[in-house]
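As structure tokens, the structure follows; a few thoughts come after it.
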Amino acid sequence: MDKYKAREDLIAALTEDVSPVKPVRPHEGAAMIVFASVAASIACLVIFGFWQGMINGEASPYFWISNGLLALAGAASTSALVSSVLPRVGAHGSAPLWSVAMLAVLPFAAIIAFLSYEAGHNHGIGMSDPGLMYGECALYGFMASLVVAGAAIAFVRRGAPVSLNRSGWLIGLASGSLGALAYNITCPIDSLMHVGIWHVLPVFIAALFWRYAAPPLIRW
Amino acid sequence: MVADEPTFARLMQAAQNGDKAATNVLLSEAGLWLERYFRRRMPPHAIDDLVQDVIISLYTKRATWDPSRPFLPWLAAIARYRWVDHLRKIYKHESKELMEDDAAQDSDEDVVMARISLDRLFGQLPERQAEVIEMVKISGLSIKEAADKTGQSESLVKVNIHRGLKKLATMVEKAE
């Protein structure tokens, strides 16, 4: 009998100052992440300058393919992330996983192209590609992703994610993709070796980083 | 008899709108539903604590229920999360007890100064909150020991510590 009395006391204490609440809406989270991505892009444009190649046709197909895939991976993982803040049971969608798998095709293509060059097939791709020297692009992309991750974590903390590890992965994938995209549009180096490795790497670094760093920040 | 899905959904909508009576009924009914949920998952003596933890979560996270979706899967997801969290804490606690070393000691002067400041702040808190903060956060008693001493339930001790600390933080912020 005592335990029911204790529960009644708890309920009475909780409802003492009950007030209306505004339901958490996933589209608000998506808006926050888009806003942060735009802010990161503007910051990158201010710091690194606008690359004219994007509008005068100079940009190679690799530029458009890599950035298009990053945008899709970012959209899929953002959509999954903002939905995950509302508790629910059942199977999770695998769209983010497939979109990142598609993104992983780029570094594979770069490695295979390099190996075939070494085997004597000249596709104009090899270790002599100067784009390979500019690994700092991965660092800049990761730095830009921190802005997006901040917004994502702020929104997730308002909600109630019931799978913290999955939310950690999704925060990393969404922020990594959109942060890398924010920086990549300013980068004039658009060879396959460069975009396939350095422009995509921040996604995998951010995913791994936030898988472990995010759960303590979003636990409730 | 435990409430059905439409009743829960109606009560939850009222709770989101700030209806105190509906919130009371909702939490009581949810408690009964949760007891059944945990009966097959937990030893009998641990069920009530976990039910109370989920009731607190249900209340604090009530904004995350989408009225266009069913209520019970939402509640089940929270119950499962709390259950896993509970198991994780038990595991961590047992590991910590095995690995724990002596805690660092503060200097006597620091302890006396902190005590004076805390006593002044505690004077502005309701007694029920001040006594459990004193027991758990200063004297190092467990939640269960504080609950036994004060006659409050373990979950109520947690609520009072949470609210008391929040008030203390506000007071300290204002003082600075």
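Each chain of the structure tokens is named A, B, ... in the order shown, its residues numbered from 1; ligands are numbered from 1 in display order.
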
**Request:** Kindly provide, as an MDAnalysis selection string, the residues of chain B having any atom no farther than 8 Å from an atom of chain A, counting only C-alpha atoms.
**Result:** chainID B and resid 15:20 23:24 27:28 48 52 55:56 59 61:66 73:78 81 152:153 155:156 159

**Request:** Determine, counting only C-alpha atoms, which protein, DNA and RNA residues have an atom within 10 Å of an atom of Arg211 in chain A; residues of the same chain fewer than 3 positions away are not included. Present the result as a ChimeraX atom specification.
**Result:** /A:164-173,205-208,214-215

Saved selection, atoms kept: N, CA and C atoms, as a PDB file, in the first residue's frame:
```pdb
ATOM      1  N   LEU A 164      20.433   6.554 -28.093  1.00  0.00           N
ATOM      2  CA  LEU A 164      21.455   7.610 -28.069  1.00  0.00           C
ATOM      3  C   LEU A 164      22.589   7.346 -29.056  1.00  0.00           C
ATOM      4  N   ASN A 165      22.962   6.089 -29.208  1.00  0.00           N
ATOM      5  CA  ASN A 165      24.046   5.786 -30.158  1.00  0.00           C
ATOM      6  C   ASN A 165      23.634   6.130 -31.587  1.00  0.00           C
ATOM      7  N   ARG A 166      22.404   5.753 -31.926  1.00  0.00           N
ATOM      8  CA  ARG A 166      21.912   6.061 -33.276  1.00  0.00           C
ATOM      9  C   ARG A 166      21.848   7.576 -33.478  1.00  0.00           C
ATOM     10  N   SER A 167      21.355   8.286 -32.461  1.00  0.00           N
ATOM     11  CA  SER A 167      21.299   9.753 -32.581  1.00  0.00           C
ATOM     12  C   SER A 167      22.700  10.327 -32.735  1.00  0.00           C
ATOM     13  N   GLY A 168      23.675   9.742 -32.022  1.00  0.00           N
ATOM     14  CA  GLY A 168      25.064  10.195 -32.147  1.00  0.00           C
ATOM     15  C   GLY A 168      25.577  10.028 -33.572  1.00  0.00           C
ATOM     16  N   TRP A 169      25.334   8.853 -34.148  1.00  0.00           N
ATOM     17  CA  TRP A 169      25.729   8.631 -35.551  1.00  0.00           C
ATOM     18  C   TRP A 169      25.059   9.660 -36.459  1.00  0.00           C
ATOM     19  N   LEU A 170      23.765   9.852 -36.259  1.00  0.00           N
ATOM     20  CA  LEU A 170      23.017  10.753 -37.155  1.00  0.00           C
ATOM     21  C   LEU A 170      23.481  12.198 -37.016  1.00  0.00           C
ATOM     22  N   ILE A 171      23.792  12.617 -35.793  1.00  0.00           N
ATOM     23  CA  ILE A 171      24.319  13.980 -35.605  1.00  0.00           C
ATOM     24  C   ILE A 171      25.622  14.112 -36.404  1.00  0.00           C
ATOM     25  N   GLY A 172      26.464  13.093 -36.318  1.00  0.00           N
ATOM     26  CA  GLY A 172      27.738  13.118 -37.043  1.00  0.00           C
ATOM     27  C   GLY A 172      27.546  13.119 -38.546  1.00  0.00           C
ATOM     28  N   LEU A 173      26.651  12.279 -39.034  1.00  0.00           N
ATOM     29  CA  LEU A 173      26.442  12.196 -40.487  1.00  0.00           C
ATOM     30  C   LEU A 173      25.834  13.488 -41.029  1.00  0.00           C
ATOM     31  N   ILE A 205      34.712  11.275 -40.367  1.00  0.00           N
ATOM     32  CA  ILE A 205      35.346  11.711 -39.105  1.00  0.00           C
ATOM     33  C   ILE A 205      34.261  12.184 -38.137  1.00  0.00           C
ATOM     34  N   ALA A 206      33.336  13.029 -38.643  1.00  0.00           N
ATOM     35  CA  ALA A 206      32.288  13.573 -37.773  1.00  0.00           C
ATOM     36  C   ALA A 206      31.377  12.455 -37.255  1.00  0.00           C
ATOM     37  N   ALA A 207      31.054  11.487 -38.108  1.00  0.00           N
ATOM     38  CA  ALA A 207      30.181  10.390 -37.677  1.00  0.00           C
ATOM     39  C   ALA A 207      30.818   9.620 -36.532  1.00  0.00           C
ATOM     40  N   LEU A 208      32.093   9.315 -36.690  1.00  0.00           N
ATOM     41  CA  LEU A 208      32.805   8.555 -35.657  1.00  0.00           C
ATOM     42  C   LEU A 208      32.950   9.390 -34.378  1.00  0.00           C
ATOM     43  N   ALA A 214      28.497  12.522 -28.625  1.00  0.00           N
ATOM     44  CA  ALA A 214      27.128  13.049 -28.464  1.00  0.00           C
ATOM     45  C   ALA A 214      26.318  12.398 -27.328  1.00  0.00           C
ATOM     46  N   PRO A 215      26.376  11.072 -27.131  1.00  0.00           N
ATOM     47  CA  PRO A 215      25.485  10.480 -26.116  1.00  0.00           C
ATOM     48  C   PRO A 215      25.501  11.145 -24.745  1.00  0.00           C
TER      49      PRO A 215
END
```

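Counting only C-alpha atoms, the residue from B:Ile133, B:Met42, B:Val157, B:Ala9 that sits nearest to Arg69 in chain B is B:Ala9.
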
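Between CA of Val38 in chain A and CA of Ser79 in chain A the separation is 16.9 Å.
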
**Prompt:** Can you list, as a PyMOL selection string, every protein, DNA or RNA residue that comes within 9 Å of Pro6 in chain B when you count only C-alpha atoms, leaving out same-chain residues fewer than 3 positions away?
**Reply:** chain B and resi 3+9-11+70-71

Write out as a short mmCIF file (atom, residue, chain, number, x, y, z; two decimals) with N, CA and C atoms, in the first residue's frame which residues come within 9 Å of Leu32 in chain B when counting only C-alpha atoms, dropping same-chain ones fewer than 3 positions away.
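Printed below is part.cif as written:
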```cif
data_model
loop_
_atom_site.label_atom_id
_atom_site.label_comp_id
_atom_site.auth_asym_id
_atom_site.auth_seq_id
_atom_site.Cartn_x
_atom_site.Cartn_y
_atom_site.Cartn_z
N MET B 1 -9.26 -1.41 -13.84
CA MET B 1 -8.95 -1.57 -15.27
C MET B 1 -8.10 -0.39 -15.77
N VAL B 2 -7.10 -0.70 -16.58
CA VAL B 2 -6.20 0.34 -17.08
C VAL B 2 -6.86 1.04 -18.27
N ALA B 3 -6.62 2.35 -18.38
CA ALA B 3 -7.23 3.14 -19.46
C ALA B 3 -6.81 2.60 -20.83
N LEU B 27 -1.06 10.44 -15.22
CA LEU B 27 0.13 9.86 -14.58
C LEU B 27 -0.25 8.64 -13.73
N SER B 28 -1.41 8.69 -13.07
CA SER B 28 -1.85 7.54 -12.27
C SER B 28 -2.13 6.33 -13.17
N GLU B 29 -2.84 6.58 -14.26
CA GLU B 29 -3.17 5.48 -15.18
C GLU B 29 -1.92 4.94 -15.86
N GLU B 35 3.31 -0.66 -14.60
CA GLU B 35 3.51 -1.81 -13.70
C GLU B 35 3.38 -3.11 -14.47
N ARG B 36 2.36 -3.17 -15.31
CA ARG B 36 2.17 -4.38 -16.12
C ARG B 36 3.33 -4.56 -17.10
N TYR B 37 3.76 -3.43 -17.66
CA TYR B 37 4.85 -3.47 -18.66
C TYR B 37 6.13 -4.04 -18.03
N VAL B 51 8.90 2.53 -12.30
CA VAL B 51 7.62 3.14 -12.72
C VAL B 51 7.66 4.63 -12.40
#
```

**Two-atom distance - CA of Leu115 in chain A, CA of Met193 in chain A (Å)** = 11.8 Å

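Shortest separation to Ile47 in chain B among B:Ala146, B:Ala79, B:Ala21, B:Val132 occurs at residue B:Ala79, atoms counted being only C-alpha atoms.
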
**Item:** Separation of CA of Phe8 in chain B from CA of Arg40 in chain B in Å
**Value:** 22.3 Å

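The smallest atom-to-atom distance between Asn160 in chain B and any of B:Gly31, B:Pro126, B:Gly140, B:Pro43, using only C-alpha atoms, is found for B:Pro126.
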